[in-house]
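Asks: One structure, pasted below without further comment.
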Amino acid sequence: MELKDRLAELRRSRGFSLRELRERIEDRTGEQMAISYLSALERLGRAPSIDSLSKIAAGYDMSLKGLLAPTNLVSTTLVQDLPPGLEAARIKFRLSDHEVAELASIPFRGRRPETEREWEVLLSVLGFGEEQD
């Protein structure tokens, strides 16, 4: 499922208008998000930042990982195209190819993480927790 379809399906299944979703996001995060931006995410298929996705997830009272779980943000990221540090995080956290592809496609704080530490922070934000033993 593409992210835009997931966002539209989730909002409709919960019976929220775009305005209601925006209000829920503001109530839960204290941040404002434009109705036009929320609408564009459902229509255009662009990958929003982790920050924006986190706010949207909060509007649905769910984790970011739960929001993204059924999506296929990117299915064709090649191993040689991985950012520095992601391969180390992939091994450390035992990430699937699907998870790695999704991570590689999402900006975090306005840019794509580079170092292993930055990837660890991102994985923590996403709710992956401690690395797997």
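Letters for chains follow the order of the structure tokens (A, B, ...), residue numbers begin at 1 for each chain, and ligand numbers begin at 1 in the order shown.
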List every residue of chain A that DSSP, applied to the backbone, labels as helix (DSSP H, G or I), and write the result as a PyMOL selection string.
Replies: chain A and resi 3-14+18-29+35-44+50-59+64-68+79-81+86-93+97-105+116-126
Asks: Keeping only C-alpha atoms, write the selected residues as an mmCIF file, in the first residue's frame.
Replies:
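That gives us part.cif:
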data_model
loop_
_atom_site.group_PDB
_atom_site.id
_atom_site.type_symbol
_atom_site.label_atom_id
_atom_site.label_comp_id
_atom_site.auth_asym_id
_atom_site.auth_seq_id
_atom_site.Cartn_x
_atom_site.Cartn_y
_atom_site.Cartn_z
ATOM 1 C CA LEU A 3 1.657 5.977 1.889
ATOM 2 C CA LYS A 4 -0.876 8.310 0.263
ATOM 3 C CA ASP A 5 -3.422 5.475 0.158
ATOM 4 C CA ARG A 6 -2.676 4.527 3.767
ATOM 5 C CA LEU A 7 -3.232 8.097 4.937
ATOM 6 C CA ALA A 8 -6.495 8.457 3.020
ATOM 7 C CA GLU A 9 -7.780 5.028 4.082
ATOM 8 C CA LEU A 10 -6.899 5.612 7.731
ATOM 9 C CA ARG A 11 -8.626 8.990 7.867
ATOM 10 C CA ARG A 12 -11.756 7.726 6.135
ATOM 11 C CA SER A 13 -11.954 4.543 8.218
ATOM 12 C CA ARG A 14 -11.868 6.664 11.371
ATOM 13 C CA LEU A 18 -9.307 16.801 7.106
ATOM 14 C CA ARG A 19 -10.268 19.597 9.494
ATOM 15 C CA GLU A 20 -10.905 17.112 12.323
ATOM 16 C CA LEU A 21 -7.550 15.429 11.691
ATOM 17 C CA ARG A 22 -5.794 18.792 11.741
ATOM 18 C CA GLU A 23 -7.472 19.633 15.067
ATOM 19 C CA ARG A 24 -6.488 16.259 16.551
ATOM 20 C CA ILE A 25 -2.879 16.800 15.476
ATOM 21 C CA GLU A 26 -2.847 20.235 17.071
ATOM 22 C CA ASP A 27 -4.494 18.955 20.275
ATOM 23 C CA ARG A 28 -1.979 16.137 20.642
ATOM 24 C CA THR A 29 1.221 17.833 19.490
ATOM 25 C CA ILE A 35 -5.432 21.160 5.743
ATOM 26 C CA SER A 36 -4.041 21.689 2.244
ATOM 27 C CA TYR A 37 -0.820 19.879 3.241
ATOM 28 C CA LEU A 38 -2.754 16.921 4.695
ATOM 29 C CA SER A 39 -4.859 16.768 1.549
ATOM 30 C CA ALA A 40 -1.763 16.872 -0.682
ATOM 31 C CA LEU A 41 -0.194 13.974 1.226
ATOM 32 C CA GLU A 42 -3.250 11.864 0.445
ATOM 33 C CA ARG A 43 -3.279 12.828 -3.238
ATOM 34 C CA LEU A 44 0.291 13.319 -4.443
ATOM 35 C CA ILE A 50 9.533 11.955 9.836
ATOM 36 C CA ASP A 51 8.479 14.978 11.876
ATOM 37 C CA SER A 52 5.298 15.402 9.821
ATOM 38 C CA LEU A 53 4.566 11.669 9.914
ATOM 39 C CA SER A 54 5.052 11.657 13.699
ATOM 40 C CA LYS A 55 2.503 14.435 14.069
ATOM 41 C CA ILE A 56 0.033 12.643 11.819
ATOM 42 C CA ALA A 57 0.497 9.416 13.792
ATOM 43 C CA ALA A 58 -0.183 11.358 17.008
ATOM 44 C CA GLY A 59 -3.392 12.663 15.450
ATOM 45 C CA LEU A 64 4.778 6.115 13.757
ATOM 46 C CA LYS A 65 5.739 2.494 13.214
ATOM 47 C CA GLY A 66 2.035 1.560 13.275
ATOM 48 C CA LEU A 67 1.239 4.268 10.760
ATOM 49 C CA LEU A 68 3.943 3.108 8.344
ATOM 50 C CA VAL A 79 21.952 -1.992 -1.075
ATOM 51 C CA GLN A 80 24.656 0.031 -2.820
ATOM 52 C CA ASP A 81 22.371 3.093 -2.640
ATOM 53 C CA LEU A 86 22.208 2.677 7.523
ATOM 54 C CA GLU A 87 23.934 -0.613 6.688
ATOM 55 C CA ALA A 88 25.401 -0.738 10.215
ATOM 56 C CA ALA A 89 21.988 0.065 11.716
ATOM 57 C CA ARG A 90 20.419 -2.558 9.428
ATOM 58 C CA ILE A 91 22.650 -5.238 10.933
ATOM 59 C CA LYS A 92 22.446 -3.956 14.508
ATOM 60 C CA PHE A 93 18.636 -3.721 14.515
ATOM 61 C CA ASP A 97 14.768 -5.106 3.271
ATOM 62 C CA HIS A 98 11.341 -3.457 3.367
ATOM 63 C CA GLU A 99 12.186 -1.501 6.537
ATOM 64 C CA VAL A 100 15.533 -0.399 5.109
ATOM 65 C CA ALA A 101 13.881 0.782 1.891
ATOM 66 C CA GLU A 102 11.318 2.803 3.844
ATOM 67 C CA LEU A 103 13.966 4.348 6.084
ATOM 68 C CA ALA A 104 16.163 5.283 3.134
ATOM 69 C CA SER A 105 13.300 7.223 1.567
ATOM 70 C CA GLU A 116 25.044 5.217 12.393
ATOM 71 C CA ARG A 117 24.141 7.324 15.447
ATOM 72 C CA GLU A 118 21.683 9.411 13.425
ATOM 73 C CA TRP A 119 20.041 6.202 12.182
ATOM 74 C CA GLU A 120 19.828 4.913 15.768
ATOM 75 C CA VAL A 121 18.038 8.130 16.801
ATOM 76 C CA LEU A 122 15.628 7.784 13.879
ATOM 77 C CA LEU A 123 14.923 4.143 14.734
ATOM 78 C CA SER A 124 14.221 5.185 18.312
ATOM 79 C CA VAL A 125 11.756 7.849 17.096
ATOM 80 C CA LEU A 126 10.073 5.204 14.954
#
Asks: Which residue out of A:Gly30, A:Pro83, A:Gly15, A:Gly45 has the minimum interatomic distance to A:Pro113 when only C-alpha atoms are used?
Replies: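 Answer, going by the shortest atom-to-atom distance: A:Pro83.
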Asks: Work out how far apart atom CA of A:Gln32 and atom CA of A:Tyr60 are and give it in Å to one decimal.
Replies: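 Separation between atom CA of A:Gln32 and atom CA of A:Tyr60: 14.8 Å.
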Asks: Find the residue from A:Arg94, A:Phe16, A:Gly85, A:Glu2 that sits nearest to A:Thr115; use only C-alpha atoms when measuring.
Replies: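 The answer is A:Gly85, which sits nearest to A:Thr115.
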